[in-house]
file structure.csv (CSV, C-alpha atoms)
chain,number,residue,atom,x,y,z
A,22,MET,CA,47.4,-21.8,14.9
A,23,LEU,CA,45.4,-22.6,18.0
A,24,LEU,CA,43.1,-19.6,17.7
A,25,PRO,CA,41.8,-20.4,14.1
A,26,VAL,CA,41.2,-24.0,15.2
A,27,LEU,CA,39.2,-22.9,18.3
A,28,SER,CA,37.2,-20.5,16.2
A,29,TRP,CA,36.3,-23.2,13.7
A,30,PHE,CA,35.4,-25.6,16.5
A,31,CYS,CA,33.0,-23.0,18.0
A,32,SER,CA,31.2,-22.2,14.8
A,33,ALA,CA,31.0,-25.9,13.8
A,34,LEU,CA,29.6,-27.3,17.1
A,35,LEU,CA,27.9,-24.1,18.4
A,36,SER,CA,28.8,-25.4,21.9
A,37,ALA,CA,27.6,-23.7,25.0
A,38,VAL,CA,31.2,-23.6,26.3
A,39,CYS,CA,32.3,-21.6,23.3
A,40,GLY,CA,29.4,-19.2,23.4
A,41,GLY,CA,27.1,-20.8,20.9
A,42,ALA,CA,25.1,-18.9,18.3
A,43,LEU,CA,23.3,-15.7,18.9
A,44,PRO,CA,19.6,-15.9,18.4
A,45,GLU,CA,18.4,-14.3,15.2
A,46,ALA,CA,16.6,-11.0,15.6
A,47,GLU,CA,12.9,-11.1,15.1
A,48,VAL,CA,10.2,-8.6,14.1
A,49,LYS,CA,7.2,-8.3,16.4
A,50,ILE,CA,4.0,-8.2,14.3
A,51,GLU,CA,0.6,-7.0,15.4
A,52,VAL,CA,-2.3,-7.1,12.9
A,53,LEU,CA,-4.3,-3.9,13.4
A,54,HIS,CA,-6.8,-4.4,10.6
A,55,LYS,CA,-7.5,-7.2,8.1
A,56,PRO,CA,-10.1,-6.9,5.4
A,57,PHE,CA,-13.0,-9.5,5.3
A,58,LEU,CA,-12.1,-10.4,1.7
A,59,CYS,CA,-8.5,-11.2,0.7
A,60,HIS,CA,-7.9,-12.2,-2.9
A,61,ARG,CA,-4.2,-12.7,-2.6
A,62,LYS,CA,-1.5,-12.4,0.0
A,63,SER,CA,1.9,-10.8,-0.4
A,64,LYS,CA,5.0,-12.9,-1.0
A,65,TYR,CA,8.6,-12.4,-1.9
A,66,GLY,CA,8.9,-10.9,-5.3
A,67,ASP,CA,5.6,-9.0,-5.2
A,68,ILE,CA,5.5,-5.3,-5.6
A,69,LEU,CA,3.6,-3.5,-2.8
A,70,LEU,CA,2.2,0.0,-2.5
A,71,VAL,CA,2.1,1.1,1.2
A,72,HIS,CA,1.5,4.0,3.5
A,73,HIS,CA,3.5,4.1,6.6
A,74,GLN,CA,4.3,5.9,9.8
A,75,GLY,CA,7.5,5.5,11.7
A,76,TYR,CA,8.2,6.0,15.4
A,77,PHE,CA,11.1,5.9,17.8
A,78,GLU,CA,10.9,4.0,21.0
A,79,ASN,CA,9.9,7.1,22.9
A,80,GLY,CA,6.8,7.6,20.7
A,81,THR,CA,8.2,10.4,18.6
A,82,MET,CA,7.2,10.2,14.9
A,83,PHE,CA,10.0,10.5,12.4
A,84,HIS,CA,7.9,9.8,9.2
A,85,ASP,CA,4.3,9.9,8.0
A,86,SER,CA,3.4,9.4,4.4
A,87,ARG,CA,-0.1,10.7,5.2
A,88,ALA,CA,1.2,13.9,6.7
A,89,ASP,CA,-0.4,16.0,3.9
A,90,PRO,CA,-4.0,14.9,3.3
A,91,ALA,CA,-4.1,16.9,0.1
A,92,GLU,CA,-1.5,14.5,-1.4
A,93,GLY,CA,-3.8,11.5,-1.0
A,94,ASP,CA,-1.9,8.4,-2.0
A,95,ARG,CA,0.8,10.2,-4.0
A,96,LEU,CA,3.3,9.9,-1.1
A,97,ALA,CA,2.7,6.1,-0.7
A,98,MET,CA,5.7,4.0,-1.5
A,99,TRP,CA,6.2,1.2,-4.1
A,100,PHE,CA,8.8,-1.4,-3.5
A,101,THR,CA,9.5,-5.1,-4.2
A,102,LEU,CA,9.2,-7.4,-1.2
A,103,GLY,CA,12.2,-9.6,-0.3
A,104,ILE,CA,15.0,-8.1,-2.3
A,105,ARG,CA,16.4,-5.6,0.2
A,106,GLU,CA,14.8,-2.5,-1.3
A,107,VAL,CA,13.6,-1.7,2.2
A,108,ILE,CA,14.9,-2.7,5.6
A,109,LYS,CA,15.1,-6.4,6.6
A,110,GLY,CA,12.3,-5.9,9.1
A,111,TRP,CA,9.9,-4.9,6.4
A,112,ASP,CA,10.9,-7.8,4.2
A,113,LYS,CA,10.2,-10.2,7.1
A,114,GLY,CA,7.1,-8.4,8.6
A,115,LEU,CA,5.1,-7.7,5.4
A,116,GLN,CA,4.8,-11.2,4.1
A,117,ASN,CA,1.3,-12.8,3.8
A,118,MET,CA,-0.5,-9.5,3.9
A,119,CYS,CA,-3.8,-8.6,2.1
A,120,ALA,CA,-4.5,-5.4,0.2
A,121,GLY,CA,-6.1,-3.2,2.8
A,122,GLU,CA,-4.4,-4.8,5.8
A,123,LYS,CA,-2.6,-2.8,8.4
A,124,ARG,CA,0.1,-4.0,10.7
A,125,LYS,CA,2.3,-2.7,13.5
A,126,LEU,CA,5.9,-3.8,13.2
A,127,ILE,CA,8.4,-3.4,16.0
A,128,VAL,CA,11.8,-3.7,14.3
A,129,PRO,CA,15.0,-4.3,16.3
A,130,PRO,CA,18.2,-2.5,15.2
A,131,ALA,CA,19.7,-5.6,13.5
A,132,LEU,CA,16.7,-5.6,11.1
A,133,ALA,CA,16.5,-1.8,10.7
A,134,TYR,CA,19.5,0.6,10.4
A,135,GLY,CA,21.9,-1.2,12.8
A,136,LYS,CA,25.0,0.4,14.3
A,137,GLU,CA,25.4,3.0,11.5
A,138,GLY,CA,21.9,4.5,11.6
A,139,THR,CA,21.0,7.2,9.1
A,140,VAL,CA,20.8,11.0,9.0
A,141,LYS,CA,17.4,10.8,10.7
A,142,ILE,CA,17.8,7.5,12.6
A,143,PRO,CA,20.3,7.2,15.5
A,144,PRO,CA,22.5,4.1,15.7
A,145,GLU,CA,21.0,1.0,17.4
A,146,SER,CA,17.4,2.3,17.2
A,147,THR,CA,14.4,0.0,17.7
A,148,LEU,CA,11.7,1.4,15.4
A,149,THR,CA,8.0,1.0,15.3
A,150,PHE,CA,6.1,1.2,12.0
A,151,ILE,CA,2.4,1.3,11.2
A,152,ILE,CA,2.1,0.0,7.7
A,153,GLU,CA,-1.0,-0.2,5.4
A,154,VAL,CA,-0.8,-2.2,2.2
A,155,LEU,CA,-2.8,-0.4,-0.5
A,156,GLU,CA,-2.1,-2.6,-3.5
A,157,ILE,CA,-0.2,-5.8,-4.4
A,158,ARG,CA,1.1,-6.5,-7.9
A,159,ASN,CA,3.0,-9.3,-9.5
A,160,GLY,CA,6.7,-8.7,-9.4
A,161,PRO,CA,8.6,-8.5,-12.7
A,162,ARG,CA,10.0,-12.0,-12.1
A,163,SER,CA,6.9,-13.7,-11.1
A,164,HIS,CA,5.4,-16.7,-12.9
A,165,GLU,CA,2.2,-14.6,-13.3
A,166,SER,CA,4.2,-11.8,-15.1
A,167,PHE,CA,5.7,-14.4,-17.4
A,168,GLN,CA,2.3,-15.7,-18.3
A,169,GLU,CA,1.0,-12.1,-18.9
A,170,MET,CA,3.9,-11.4,-21.3
A,171,ASP,CA,3.7,-14.8,-23.1
A,172,LEU,CA,0.9,-13.9,-25.5
A,173,ASN,CA,0.9,-17.1,-27.5
A,174,ASP,CA,1.4,-19.4,-24.5
A,175,ASP,CA,4.5,-21.1,-25.9
A,176,TRP,CA,6.5,-20.8,-22.7
A,177,LYS,CA,9.1,-18.4,-24.2
A,178,LEU,CA,9.2,-14.7,-24.8
A,179,SER,CA,9.9,-13.1,-28.1
A,180,LYS,CA,11.2,-9.6,-28.6
A,181,SER,CA,7.8,-8.6,-29.9
A,182,GLU,CA,6.0,-9.8,-26.8
A,183,VAL,CA,8.4,-8.0,-24.5
A,184,LYS,CA,8.1,-4.8,-26.5
A,185,GLN,CA,4.3,-5.0,-26.3
A,186,TYR,CA,4.5,-5.5,-22.6
A,187,PHE,CA,6.6,-2.4,-22.2
A,188,ARG,CA,4.2,-0.4,-24.4
A,189,LYS,CA,1.2,-1.5,-22.2
A,190,GLU,CA,3.0,-0.7,-19.0
A,191,PHE,CA,4.0,2.7,-20.2
A,192,GLU,CA,0.4,3.5,-21.2
A,193,HIS,CA,-0.9,2.1,-17.8
A,194,HIS,CA,1.3,4.5,-15.9
A,195,GLY,CA,0.3,7.5,-18.1
A,196,TYR,CA,3.5,7.7,-20.3
A,197,PRO,CA,3.2,8.0,-24.1
A,198,PRO,CA,4.6,5.0,-26.1
A,199,ASN,CA,8.2,5.4,-27.1
A,200,ASP,CA,9.1,2.8,-29.7
A,201,THR,CA,12.8,3.8,-29.9
A,202,LEU,CA,13.2,3.5,-26.1
A,203,HIS,CA,11.3,0.2,-26.0
A,204,GLU,CA,13.4,-1.2,-28.8
A,205,ASN,CA,16.6,-0.2,-27.0
A,206,MET,CA,15.3,-1.8,-23.7
A,207,VAL,CA,14.4,-5.0,-25.5
A,208,GLN,CA,17.8,-5.3,-27.2
A,209,ASP,CA,19.6,-4.7,-23.8
A,210,ILE,CA,17.4,-7.3,-22.0
A,211,PHE,CA,17.9,-10.0,-24.7
A,212,ALA,CA,21.7,-9.4,-24.7
A,213,LYS,CA,21.7,-10.2,-21.0
A,214,GLU,CA,18.9,-12.7,-20.5
A,215,ASP,CA,18.9,-14.9,-23.7
A,216,GLU,CA,21.6,-17.3,-22.4
A,217,ASN,CA,21.5,-19.7,-25.4
A,218,LYS,CA,21.1,-16.9,-27.9
A,219,ASP,CA,18.1,-18.5,-29.7
A,220,GLY,CA,16.2,-15.2,-29.9
A,221,PHE,CA,13.8,-16.0,-27.0
A,222,ILE,CA,13.8,-15.8,-23.2
A,223,SER,CA,12.6,-19.1,-21.9
A,224,ALA,CA,10.6,-19.5,-18.7
A,225,ARG,CA,13.8,-20.8,-17.0
A,226,GLU,CA,15.9,-17.9,-18.2
A,227,PHE,CA,13.1,-15.4,-17.1
A,228,THR,CA,12.6,-17.0,-13.6
A,229,TYR,CA,16.1,-17.6,-12.5
A,230,LYS,CA,17.8,-14.3,-13.6
A,231,HIS,CA,17.4,-11.1,-11.6
A,232,ASP,CA,19.0,-8.2,-13.5
A,233,GLU,CA,16.3,-6.7,-15.7
A,234,LEU,CA,12.6,-6.7,-16.6
call {"tool": "encode", "arguments": {"input": "structure.csv", "output": "structure tokens"}}
result
Amino acid sequence: MLLPVLSWFCSALLSAVCGGALPEAEVKIEVLHKPFLCHRKSKYGDILLVHHQGYFENGTMFHDSRADPAEGDRLAMWFTLGIREVIKGWDKGLQNMCAGEKRKLIVPPALAYGKEGTVKIPPESTLTFIIEVLEIRNGPRSHESFQEMDLNDDWKLSKSEVKQYFRKEFEHHGYPPNDTLHENMVQDIFAKEDENKDGFISAREFTYKHDEL
């Protein structure tokens, strides 16, 4: 009984005698280039397109998205900032960036691949990344995305509006419209997101749910 009580006491008071709390790992950030004009800065929920190079502490490169110049930007990576699609060090270190900005991140193991490592990354590795943000887009759950989808500005999304949004996004990325697929996607989304089953997705339902769209 004594051990659990002491454990609780330590965590509650964070006393020096009991060892206190370990300091949180931090990412070291160095801005290598920043454009003169910056129309928006990256924030959690935004979708970023980046090129990056990764290095071990001894300077050995383990990844370079620009390794083949003939590929251009085809090997650049899209991801959503802040939802653990990438390592924690990136989520922390790529906030408030401009399109065209380049940063150097030194990421400790706790914010990279930790004790487990990966096939290419040894356990407990501190990694250095050179990252250039090429493009910043609204994330699927942003207020801006809701406004873009809400064609009649009534602060709720109809099935027709969501379907039109899918059609536009498919065309934007070079895919032919597929009404059957779009209809199935819309039905699935409304089954999950329309909490009050009124046939619309409200701004609140859209903003505070995180499964689809």
call {"tool": "residues_around", "arguments": {"input": "structure.csv", "residues": "Asp215 in chain A", "least_positions_apart": "4", "cutoff": "12 Å", "atoms": "only C-alpha atoms", "output": "list in words"}}
result
Lys177, Leu178, Ser179, Lys180, Val207, Gln208, Asp209, Ile210, Phe211, Asp219, Gly220, Phe221, Ile222, Ser223, Ala224, Arg225, Glu226, Phe227, Tyr229, Lys230 and Glu233 of chain A
call {"tool": "residues_near_point", "arguments": {"input": "structure.csv", "point": "(-7.3, 4.4, -1.7)", "cutoff": "9 Å", "atoms": "all atoms listed in the file", "output": "list in words"}}
result
Gly93, Asp94, Gly121, Leu155 and Glu156 of chain A
call {"tool": "closest_residue", "arguments": {"input": "structure.csv", "among": "A:Thr201, A:Asn79, A:Asn217, A:Ser63", "to": "Ser146 in chain A", "atoms": "all atoms listed in the file"}}
result
A:Asn79
call {"tool": "closest_residue", "arguments": {"input": "structure.csv", "among": "A:Ile68, A:Cys119, A:Ala131, A:Ile50", "to": "Leu102 in chain A", "atoms": "only C-alpha atoms"}}
result
A:Ile68
call {"tool": "closest_residue", "arguments": {"input": "structure.csv", "among": "A:Cys59, A:Lys123, A:Arg95, A:Glu153", "to": "Val71 in chain A", "atoms": "all atoms listed in the file"}}
result
A:Glu153
call {"tool": "closest_residue", "arguments": {"input": "structure.csv", "among": "A:Ile157, A:Leu132, A:Ala46, A:Leu126", "to": "Leu70 in chain A", "atoms": "only C-alpha atoms"}}
result
A:Ile157
call {"tool": "residues_around", "arguments": {"input": "structure.csv", "residues": "Tyr186 in chain A", "least_positions_apart": "3", "cutoff": "12 Å", "atoms": "only C-alpha atoms", "output": "number ranges by chain"}}
result
A: 161, 166-172, 178-183, 189-193, 198, 200, 203-204, 206-207, 234
call {"tool": "atom_distance", "arguments": {"input": "structure.csv", "atom1": "CA of Gly160 in chain A", "atom2": "CA of Lys125 in chain A"}}
result
24.1 Å
call {"tool": "atom_distance", "arguments": {"input": "structure.csv", "atom1": "CA of Lys49 in chain A", "atom2": "CA of Ile127 in chain A"}}
result
5.1 Å
call {"tool": "residues_around", "arguments": {"input": "structure.csv", "residues": "Gly114 in chain A", "least_positions_apart": "2", "cutoff": "10 Å", "atoms": "all atoms listed in the file", "output": "mmCIF file with C-alpha atoms, in the coordinates of the input"}}
result
data_model
loop_
_atom_site.group_PDB
_atom_site.id
_atom_site.type_symbol
_atom_site.label_atom_id
_atom_site.label_comp_id
_atom_site.auth_asym_id
_atom_site.auth_seq_id
_atom_site.Cartn_x
_atom_site.Cartn_y
_atom_site.Cartn_z
ATOM 1 C CA GLU A 47 12.900 -11.100 15.100
ATOM 2 C CA VAL A 48 10.200 -8.600 14.100
ATOM 3 C CA LYS A 49 7.200 -8.300 16.400
ATOM 4 C CA ILE A 50 4.000 -8.200 14.300
ATOM 5 C CA GLU A 51 0.600 -7.000 15.400
ATOM 6 C CA LYS A 109 15.100 -6.400 6.600
ATOM 7 C CA GLY A 110 12.300 -5.900 9.100
ATOM 8 C CA TRP A 111 9.900 -4.900 6.400
ATOM 9 C CA ASP A 112 10.900 -7.800 4.200
ATOM 10 C CA GLN A 116 4.800 -11.200 4.100
ATOM 11 C CA ASN A 117 1.300 -12.800 3.800
ATOM 12 C CA MET A 118 -0.500 -9.500 3.900
ATOM 13 C CA ARG A 124 0.100 -4.000 10.700
ATOM 14 C CA LYS A 125 2.300 -2.700 13.500
ATOM 15 C CA LEU A 126 5.900 -3.800 13.200
ATOM 16 C CA ILE A 127 8.400 -3.400 16.000
ATOM 17 C CA VAL A 128 11.800 -3.700 14.300
ATOM 18 C CA ILE A 152 2.100 0.000 7.700
#
call {"tool": "closest_residue", "arguments": {"input": "structure.csv", "among": "A:Glu165, A:Asp89, A:Asp67, A:Glu78", "to": "Ile104 in chain A", "atoms": "only C-alpha atoms"}}
result
A:Asp67
call {"tool": "atom_distance", "arguments": {"input": "structure.csv", "atom1": "CA of Leu69 in chain A", "atom2": "CA of Met98 in chain A"}}
result
7.9 Å
call {"tool": "closest_residue", "arguments": {"input": "structure.csv", "among": "A:Ala212, A:Ile108, A:Leu202, A:Ile142", "to": "Phe77 in chain A", "atoms": "all atoms listed in the file"}}
result
A:Ile142
call {"tool": "build_atoms", "arguments": {"input": "structure.csv", "residues": "range 60-71 of chain A", "atoms": "all heavy atoms", "output": "mmCIF file, keeping the file's coordinate frame"}}
result
data_model
loop_
_atom_site.group_PDB
_atom_site.id
_atom_site.type_symbol
_atom_site.label_atom_id
_atom_site.label_comp_id
_atom_site.auth_asym_id
_atom_site.auth_seq_id
_atom_site.Cartn_x
_atom_site.Cartn_y
_atom_site.Cartn_z
ATOM 1 N N HIS A 60 -8.083 -11.438 -1.660
ATOM 2 C CA HIS A 60 -7.900 -12.200 -2.900
ATOM 3 C C HIS A 60 -6.556 -12.732 -3.129
ATOM 4 O O HIS A 60 -6.379 -13.692 -3.871
ATOM 5 C CB HIS A 60 -8.315 -11.246 -4.092
ATOM 6 C CG HIS A 60 -9.723 -10.735 -4.015
ATOM 7 N ND1 HIS A 60 -10.818 -11.545 -4.173
ATOM 8 C CD2 HIS A 60 -10.211 -9.493 -3.775
ATOM 9 C CE1 HIS A 60 -11.930 -10.840 -4.047
ATOM 10 N NE2 HIS A 60 -11.584 -9.583 -3.793
ATOM 11 N N ARG A 61 -5.554 -12.144 -2.505
ATOM 12 C CA ARG A 61 -4.200 -12.700 -2.600
ATOM 13 C C ARG A 61 -3.399 -12.141 -1.407
ATOM 14 O O ARG A 61 -3.758 -11.127 -0.809
ATOM 15 C CB ARG A 61 -3.511 -12.237 -3.895
ATOM 16 C CG ARG A 61 -3.255 -10.733 -4.011
ATOM 17 C CD ARG A 61 -2.569 -10.358 -5.303
ATOM 18 N NE ARG A 61 -1.209 -10.895 -5.399
ATOM 19 C CZ ARG A 61 -0.456 -10.739 -6.480
ATOM 20 N NH1 ARG A 61 -0.920 -10.113 -7.542
ATOM 21 N NH2 ARG A 61 0.767 -11.222 -6.504
ATOM 22 N N LYS A 62 -2.334 -12.849 -1.072
ATOM 23 C CA LYS A 62 -1.500 -12.400 0.000
ATOM 24 C C LYS A 62 -0.074 -12.153 -0.521
ATOM 25 O O LYS A 62 0.387 -12.795 -1.461
ATOM 26 C CB LYS A 62 -1.415 -13.515 1.108
ATOM 27 C CG LYS A 62 -2.732 -13.670 1.859
ATOM 28 C CD LYS A 62 -2.588 -14.631 3.026
ATOM 29 C CE LYS A 62 -3.884 -14.712 3.816
ATOM 30 N NZ LYS A 62 -3.748 -15.615 4.994
ATOM 31 N N SER A 63 0.581 -11.186 0.091
ATOM 32 C CA SER A 63 1.900 -10.800 -0.400
ATOM 33 C C SER A 63 2.922 -11.867 -0.165
ATOM 34 O O SER A 63 2.879 -12.618 0.812
ATOM 35 C CB SER A 63 2.335 -9.495 0.361
ATOM 36 O OG SER A 63 2.388 -9.715 1.757
ATOM 37 N N LYS A 64 3.856 -11.955 -1.100
ATOM 38 C CA LYS A 64 5.000 -12.900 -1.000
ATOM 39 C C LYS A 64 6.195 -12.279 -1.594
ATOM 40 O O LYS A 64 6.123 -11.251 -2.276
ATOM 41 C CB LYS A 64 4.611 -14.206 -1.767
ATOM 42 C CG LYS A 64 4.402 -14.020 -3.261
ATOM 43 C CD LYS A 64 3.999 -15.315 -3.930
ATOM 44 C CE LYS A 64 3.897 -15.153 -5.453
ATOM 45 N NZ LYS A 64 2.962 -14.111 -5.867
ATOM 46 N N TYR A 65 7.340 -12.883 -1.318
ATOM 47 C CA TYR A 65 8.600 -12.400 -1.900
ATOM 48 C C TYR A 65 8.494 -12.261 -3.396
ATOM 49 O O TYR A 65 8.023 -13.177 -4.060
ATOM 50 C CB TYR A 65 9.751 -13.286 -1.509
ATOM 51 C CG TYR A 65 10.290 -13.082 -0.115
ATOM 52 C CD1 TYR A 65 11.274 -13.916 0.398
ATOM 53 C CD2 TYR A 65 9.835 -12.053 0.702
ATOM 54 C CE1 TYR A 65 11.789 -13.742 1.678
ATOM 55 C CE2 TYR A 65 10.332 -11.869 1.965
ATOM 56 C CZ TYR A 65 11.307 -12.712 2.455
ATOM 57 O OH TYR A 65 11.816 -12.528 3.717
ATOM 58 N N GLY A 66 8.951 -11.128 -3.911
ATOM 59 C CA GLY A 66 8.900 -10.900 -5.300
ATOM 60 C C GLY A 66 7.727 -10.028 -5.760
ATOM 61 O O GLY A 66 7.733 -9.448 -6.849
ATOM 62 N N ASP A 67 6.697 -9.899 -4.897
ATOM 63 C CA ASP A 67 5.600 -9.000 -5.200
ATOM 64 C C ASP A 67 5.955 -7.561 -5.051
ATOM 65 O O ASP A 67 6.863 -7.225 -4.279
ATOM 66 C CB ASP A 67 4.376 -9.313 -4.282
ATOM 67 C CG ASP A 67 3.625 -10.574 -4.647
ATOM 68 O OD1 ASP A 67 3.785 -11.052 -5.789
ATOM 69 O OD2 ASP A 67 2.880 -11.079 -3.791
ATOM 70 N N ILE A 68 5.256 -6.693 -5.772
ATOM 71 C CA ILE A 68 5.500 -5.300 -5.600
ATOM 72 C C ILE A 68 4.303 -4.707 -4.787
ATOM 73 O O ILE A 68 3.136 -4.935 -5.109
ATOM 74 C CB ILE A 68 5.482 -4.561 -7.008
ATOM 75 C CG1 ILE A 68 6.612 -5.146 -7.864
ATOM 76 C CG2 ILE A 68 5.670 -3.058 -6.856
ATOM 77 C CD1 ILE A 68 6.636 -4.628 -9.283
ATOM 78 N N LEU A 69 4.640 -4.007 -3.710
ATOM 79 C CA LEU A 69 3.600 -3.500 -2.800
ATOM 80 C C LEU A 69 3.603 -1.963 -2.824
ATOM 81 O O LEU A 69 4.633 -1.313 -2.980
ATOM 82 C CB LEU A 69 3.950 -3.921 -1.345
ATOM 83 C CG LEU A 69 4.187 -5.409 -1.065
ATOM 84 C CD1 LEU A 69 4.329 -5.622 0.440
ATOM 85 C CD2 LEU A 69 3.080 -6.260 -1.621
ATOM 86 N N LEU A 70 2.395 -1.426 -2.670
ATOM 87 C CA LEU A 70 2.200 0.000 -2.500
ATOM 88 C C LEU A 70 1.728 0.197 -1.041
ATOM 89 O O LEU A 70 0.699 -0.373 -0.647
ATOM 90 C CB LEU A 70 1.161 0.558 -3.456
ATOM 91 C CG LEU A 70 0.812 2.050 -3.309
ATOM 92 C CD1 LEU A 70 2.016 2.924 -3.624
ATOM 93 C CD2 LEU A 70 -0.368 2.416 -4.219
ATOM 94 N N VAL A 71 2.479 0.970 -0.247
ATOM 95 C CA VAL A 71 2.100 1.100 1.200
ATOM 96 C C VAL A 71 2.170 2.537 1.636
ATOM 97 O O VAL A 71 2.912 3.370 1.116
ATOM 98 C CB VAL A 71 3.131 0.279 2.057
ATOM 99 C CG1 VAL A 71 3.193 -1.175 1.629
ATOM 100 C CG2 VAL A 71 4.532 0.880 2.070
#
